[in-house]
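Asks: target-v1.txt is reproduced below (compact mmCIF, C-alpha atoms and all ligand atoms).
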```
# COMPACT_ATOMS: atom_id res chain seq x y z
CA MET A 1 39.72 6.66 -65.77
CA VAL A 2 39.54 3.26 -67.38
CA LYS A 3 38.68 2.93 -71.08
CA LYS A 4 35.44 1.10 -71.79
CA GLU A 5 37.18 -1.77 -73.57
CA ILE A 6 39.42 -2.40 -70.57
CA LYS A 7 36.62 -1.87 -68.07
CA ASP A 8 34.49 -4.48 -69.83
CA MET A 9 37.37 -6.95 -69.82
CA LEU A 10 38.06 -6.34 -66.12
CA GLU A 11 34.38 -6.79 -65.33
CA ALA A 12 34.37 -10.09 -67.24
CA GLN A 13 37.41 -11.13 -65.22
CA VAL A 14 35.53 -10.35 -61.98
CA ASN A 15 32.87 -12.77 -63.18
CA ARG A 16 35.49 -15.41 -63.98
CA GLU A 17 37.11 -15.11 -60.56
CA ILE A 18 33.75 -15.54 -58.85
CA ALA A 19 32.96 -18.47 -61.18
CA SER A 20 36.34 -19.96 -60.15
CA SER A 21 35.35 -19.58 -56.52
CA TYR A 22 32.07 -21.32 -57.27
CA LEU A 23 33.84 -24.19 -59.06
CA TYR A 24 36.29 -24.72 -56.19
CA MET A 25 33.47 -24.66 -53.66
CA ALA A 26 31.76 -27.40 -55.70
CA LEU A 27 35.03 -29.38 -55.78
CA SER A 28 35.40 -28.92 -52.03
CA MET A 29 31.94 -30.34 -51.44
CA LYS A 30 32.64 -33.23 -53.81
CA CYS A 31 35.87 -34.05 -51.95
CA LYS A 32 33.96 -34.09 -48.67
CA ILE A 33 31.44 -36.54 -50.10
CA VAL A 34 34.19 -38.91 -51.23
CA ASN A 35 35.96 -38.56 -47.86
CA PHE A 36 38.97 -36.49 -48.87
CA GLU A 37 38.79 -34.03 -46.00
CA GLY A 38 42.23 -32.55 -46.73
CA ALA A 39 41.39 -31.84 -50.37
CA ALA A 40 38.02 -30.43 -49.27
CA HIS A 41 39.94 -28.00 -47.05
CA TRP A 42 42.37 -27.14 -49.89
CA PHE A 43 39.56 -26.40 -52.35
CA ARG A 44 37.60 -24.42 -49.78
CA LEU A 45 40.59 -22.14 -49.22
CA GLN A 46 41.07 -21.87 -52.97
CA SER A 47 37.43 -20.86 -53.30
CA ILE A 48 37.93 -18.09 -50.74
CA GLU A 49 41.15 -16.98 -52.44
CA GLU A 50 39.35 -16.60 -55.78
CA LEU A 51 36.87 -14.24 -54.13
CA THR A 52 39.77 -12.09 -52.98
CA HIS A 53 40.96 -11.96 -56.60
CA ALA A 54 37.52 -10.74 -57.65
CA GLU A 55 37.57 -8.20 -54.85
CA LYS A 56 40.98 -6.92 -55.92
CA LEU A 57 39.59 -6.17 -59.39
CA ILE A 58 36.40 -4.67 -57.95
CA ASN A 59 38.44 -2.40 -55.66
CA TYR A 60 40.56 -1.28 -58.60
CA LEU A 61 37.50 -0.33 -60.64
CA THR A 62 35.45 1.28 -57.87
CA MET A 63 38.47 3.30 -56.72
CA GLN A 64 38.29 4.95 -60.12
CA GLY A 65 34.57 5.60 -59.87
CA GLU A 66 33.57 2.69 -62.07
CA GLU A 67 30.42 0.77 -61.25
CA VAL A 68 30.90 -2.99 -61.41
CA VAL A 69 27.99 -5.05 -62.66
CA LEU A 70 27.95 -8.65 -61.43
CA GLU A 71 26.76 -11.16 -63.99
CA GLN A 72 25.07 -14.52 -63.63
CA ILE A 73 27.43 -17.34 -62.63
CA ASP A 74 27.13 -20.63 -64.52
CA LYS A 75 26.46 -23.79 -62.55
CA PRO A 76 29.83 -25.45 -61.89
CA VAL A 77 30.36 -28.94 -63.28
CA VAL A 78 32.75 -31.28 -61.46
CA ASN A 79 34.48 -33.78 -63.72
CA GLY A 80 35.41 -37.25 -62.47
CA GLU A 81 35.64 -39.00 -59.12
CA THR A 82 39.31 -39.10 -58.14
CA LEU A 83 41.69 -36.52 -56.70
CA LEU A 84 43.66 -36.69 -59.94
CA ASP A 85 40.45 -35.87 -61.86
CA PHE A 86 39.75 -32.90 -59.59
CA TYR A 87 43.24 -31.43 -59.81
CA THR A 88 43.42 -32.05 -63.56
CA GLN A 89 40.19 -30.06 -63.90
CA THR A 90 41.70 -27.36 -61.68
CA ASN A 91 44.83 -27.23 -63.80
CA LYS A 92 42.83 -26.84 -67.03
CA HIS A 93 40.70 -24.16 -65.43
CA GLU A 94 43.71 -22.19 -64.21
CA GLN A 95 45.35 -22.41 -67.64
CA PHE A 96 42.18 -20.89 -69.07
CA VAL A 97 42.26 -18.11 -66.47
CA THR A 98 45.93 -17.45 -67.21
CA GLY A 99 45.06 -17.02 -70.89
CA CYS A 100 42.38 -14.46 -69.96
CA ILE A 101 44.83 -12.54 -67.76
CA HIS A 102 47.36 -12.46 -70.61
CA GLU A 103 44.69 -11.14 -72.99
CA LEU A 104 43.81 -8.42 -70.50
CA THR A 105 47.46 -7.50 -70.10
CA ALA A 106 47.93 -7.29 -73.86
CA ALA A 107 44.83 -5.10 -74.19
CA ALA A 108 46.03 -2.81 -71.38
CA ARG A 109 49.40 -2.48 -73.08
CA ALA A 110 47.85 -1.78 -76.48
CA ASN A 111 45.76 0.99 -74.86
CA ASN A 112 48.70 2.52 -72.96
CA ASP A 113 46.78 1.72 -69.78
CA PHE A 114 49.81 1.45 -67.53
CA SER A 115 47.92 1.16 -64.25
CA THR A 116 45.85 -1.80 -65.45
CA GLU A 117 48.99 -3.38 -66.86
CA ALA A 118 50.66 -2.98 -63.45
CA LEU A 119 47.65 -4.60 -61.76
CA MET A 120 47.83 -7.45 -64.25
CA GLN A 121 51.46 -8.09 -63.30
CA TRP A 122 50.19 -9.14 -59.86
CA PHE A 123 47.72 -11.52 -61.46
CA ILE A 124 50.35 -12.94 -63.82
CA SER A 125 52.60 -13.81 -60.87
CA GLU A 126 49.65 -15.24 -58.97
CA GLN A 127 48.75 -17.49 -61.92
CA VAL A 128 52.32 -18.78 -62.18
CA GLU A 129 52.20 -19.68 -58.48
CA GLU A 130 48.76 -21.27 -58.68
CA GLU A 131 49.62 -23.37 -61.73
CA ALA A 132 52.88 -24.50 -60.12
CA ASN A 133 51.10 -25.54 -56.91
CA VAL A 134 48.49 -27.52 -58.81
CA MET A 135 51.10 -29.16 -61.07
CA ASP A 136 53.04 -30.19 -57.97
CA ILE A 137 49.94 -31.89 -56.54
CA ILE A 138 49.22 -33.57 -59.90
CA SER A 139 52.80 -34.89 -60.11
CA LYS A 140 52.49 -36.44 -56.65
CA LEU A 141 49.09 -37.94 -57.48
CA LYS A 142 50.48 -39.47 -60.68
CA LEU A 143 53.46 -40.82 -58.79
CA ILE A 144 51.44 -42.61 -56.14
CA GLY A 145 48.63 -43.83 -58.40
CA ASN A 146 45.19 -44.54 -56.98
CA GLU A 147 46.35 -46.55 -53.99
CA GLY A 148 44.41 -45.98 -50.74
CA SER A 149 47.12 -45.50 -48.11
CA ASN A 150 49.20 -43.17 -50.30
CA LEU A 151 46.13 -41.11 -51.16
CA TYR A 152 45.47 -40.87 -47.44
CA LEU A 153 48.93 -39.34 -46.96
CA ILE A 154 48.46 -36.82 -49.77
CA ASP A 155 45.08 -35.89 -48.35
CA LYS A 156 46.74 -35.27 -44.99
CA GLU A 157 49.27 -33.01 -46.71
CA LEU A 158 46.50 -31.06 -48.48
CA ALA A 159 44.89 -30.52 -45.07
CA THR A 160 47.92 -28.46 -44.02
CA ARG A 161 47.33 -25.70 -46.56
CA PRO A 162 47.41 -22.50 -44.51
CA ALA A 163 44.59 -19.99 -44.66
CA ALA A 164 46.47 -16.87 -45.63
CA VAL A 165 44.27 -14.55 -47.56
CA THR A 166 44.09 -10.85 -47.14
CA VAL A 167 42.49 -8.41 -49.53
CA THR A 168 44.39 -5.39 -50.63
CA ALA A 169 43.34 -2.94 -53.24
FE1 LIG A 201 42.06 -16.20 -59.56
FE2 LIG A 201 42.85 -19.18 -59.71
O1 LIG A 201 42.93 -17.50 -60.43
```
Take the structure I supplied and represent it as structure tokens, if you would.
Ligand code: FEO
Replies:
Amino acid sequence: MVKKEIKDMLEAQVNREIASSYLYMALSMKCKIVNFEGAAHWFRLQSIEELTHAEKLINYLTMQGEEVVLEQIDKPVVNGETLLDFYTQTNKHEQFVTGCIHELTAAARANNDFSTEALMQWFISEQVEEEANVMDIISKLKLIGNEGSNLYLIDKELATRPAAVTVTA
């Protein structure tokens, strides 16, 4: 049994994860248009991964007999034209998501909701990993600048991101 306050917050987080997926799909398409095939691949996998995050939350709620209501998803807005722009936007977005996860964790703790707090520990670790990966890409992009042949190499590296997503409750 999940308290209403926590249920509402988890439901809002489902919406955010799906909105994240939507944003990364938009970034993937943008990368394709500007001929960064590797980054398009990276963002496409990120988009899929965000859906698995939403599904993890949905599974948690439905397992406890809670109905999950899906809300409208805002139209994603892609900022800028360069890979550095796209990953900077990603970094800001993930920092926002991390803040939401921390709020949820704090609320779970304040409500003695130990199972939700345990679930949130998974998300906290995931956010640390995601932010670190994005920061690593940003550091490389800053290092090489906006020079064509170096960007080509980074794009090739982004193309090697493995598709490794499984959904577990
Ligand atoms: Fe589901 Fe990128 O956090």
Asks: What is the distance, in Å and to one decimal place, between CA of Glu55 (chain A) and CA of Met135 (chain A)?
Replies: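 Computing the Euclidean distance for CA of Glu55 (chain A) and CA of Met135 (chain A) yields 25.7 Å.
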Asks: Per residue of chain A within 7 Å of ligand LIG 201 (chain A), which atom pair is closest and at what distance in Å (one decimal), using only C-alpha atoms and all ligand atoms, listed by chain and increasing number, as a tab-separated table?
Replies:
```
residue	atom	partner	partner_atom	distance
A:Glu17	CA	A:LIG201	FE1	5.2
A:Ser20	CA	A:LIG201	FE2	6.6
A:Glu50	CA	A:LIG201	FE1	4.7
A:His53	CA	A:LIG201	FE1	5.3
A:Glu94	CA	A:LIG201	FE2	5.5
A:Val97	CA	A:LIG201	O1	6.1
A:Gln127	CA	A:LIG201	O1	6.0
A:Glu130	CA	A:LIG201	FE2	6.4
```
Asks: Keeping C-alpha atoms for every residue in the selection just given, could you write it to a file as a PDB file, keeping the file's coordinate frame?
Replies:
```
ATOM      1  CA  GLU A  17      37.110 -15.110 -60.560  1.00  0.00           C
ATOM      2  CA  SER A  20      36.340 -19.960 -60.150  1.00  0.00           C
ATOM      3  CA  GLU A  50      39.350 -16.600 -55.780  1.00  0.00           C
ATOM      4  CA  HIS A  53      40.960 -11.960 -56.600  1.00  0.00           C
ATOM      5  CA  GLU A  94      43.710 -22.190 -64.210  1.00  0.00           C
ATOM      6  CA  VAL A  97      42.260 -18.110 -66.470  1.00  0.00           C
ATOM      7  CA  GLN A 127      48.750 -17.490 -61.920  1.00  0.00           C
ATOM      8  CA  GLU A 130      48.760 -21.270 -58.680  1.00  0.00           C
TER       9      GLU A 130
END
```
Asks: So what do you get for CA of Thr90 (chain A) versus CA of Ala19 (chain A), distance-wise?
Replies: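 If I compute the distance from CA of Thr90 (chain A) to CA of Ala19 (chain A), I get 12.5 Å.
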Asks: To one decimal in Å, tell me the separation between CA of Tyr152 (chain A) and CA of Ala164 (chain A).
Replies: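 CA of Tyr152 (chain A) sits 24.1 Å away from CA of Ala164 (chain A).
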Asks: Hey, which of A:Arg16, A:His93, A:Arg44, A:Lys140 ends up closest to Leu57 (chain A)? Count only C-alpha atoms.
Replies: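 So, comparing all the options, the nearest one is A:Arg16.
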Asks: Calculated over all atoms listed in the file, which of the candidates A:Cys31, A:Ile144, A:Glu11, A:Lys4 has the smallest distance to Gly80 (chain A)?
Replies: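 Comparing A:Cys31, A:Ile144, A:Glu11, A:Lys4 against Gly80 (chain A), the winner is A:Cys31.
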Asks: Identify which of the residues A:Thr88, A:Ser28, A:Asn111, A:Ser149 lies closest to Ala40 (chain A), counting all atoms listed in the file when measuring atom-to-atom distances.
Replies: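 Result for the nearest residue to Ala40 (chain A): A:Ser28.
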Asks: From the options A:Leu151, A:Ile48, A:Val134, A:Met9, which residue's atoms come nearest to Ala107 (chain A), counting all atoms listed in the file?
Replies: A:Met9
Asks: Counting all atoms listed in the file, I want the residues whose atoms come within 10 Å of (28.5, -5.8, -64.2) in the file frame, returned as a list in words.
Replies: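 Here is the list of nearby residues: Lys7, Asp8, Leu10, Glu11, Ala12, Val14, Asn15, Glu67, Val68, Val69, Leu70, Glu71 and Gln72 of chain A.
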Asks: Of the residues A:Ile18, A:Val77, A:Leu61, A:Leu143, which is the one nearest to Thr116 (chain A), using only C-alpha atoms?
Replies: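 Smallest separation from Thr116 (chain A) among the options: A:Leu61.
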Asks: Taking into account all atoms listed in the file, which residue in the set A:Leu83, A:Gln13, A:Ile6, A:Leu51 is nearest to Met25 (chain A)?
Replies: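 Among A:Leu83, A:Gln13, A:Ile6, A:Leu51, it is A:Leu51 that comes nearest to Met25 (chain A).
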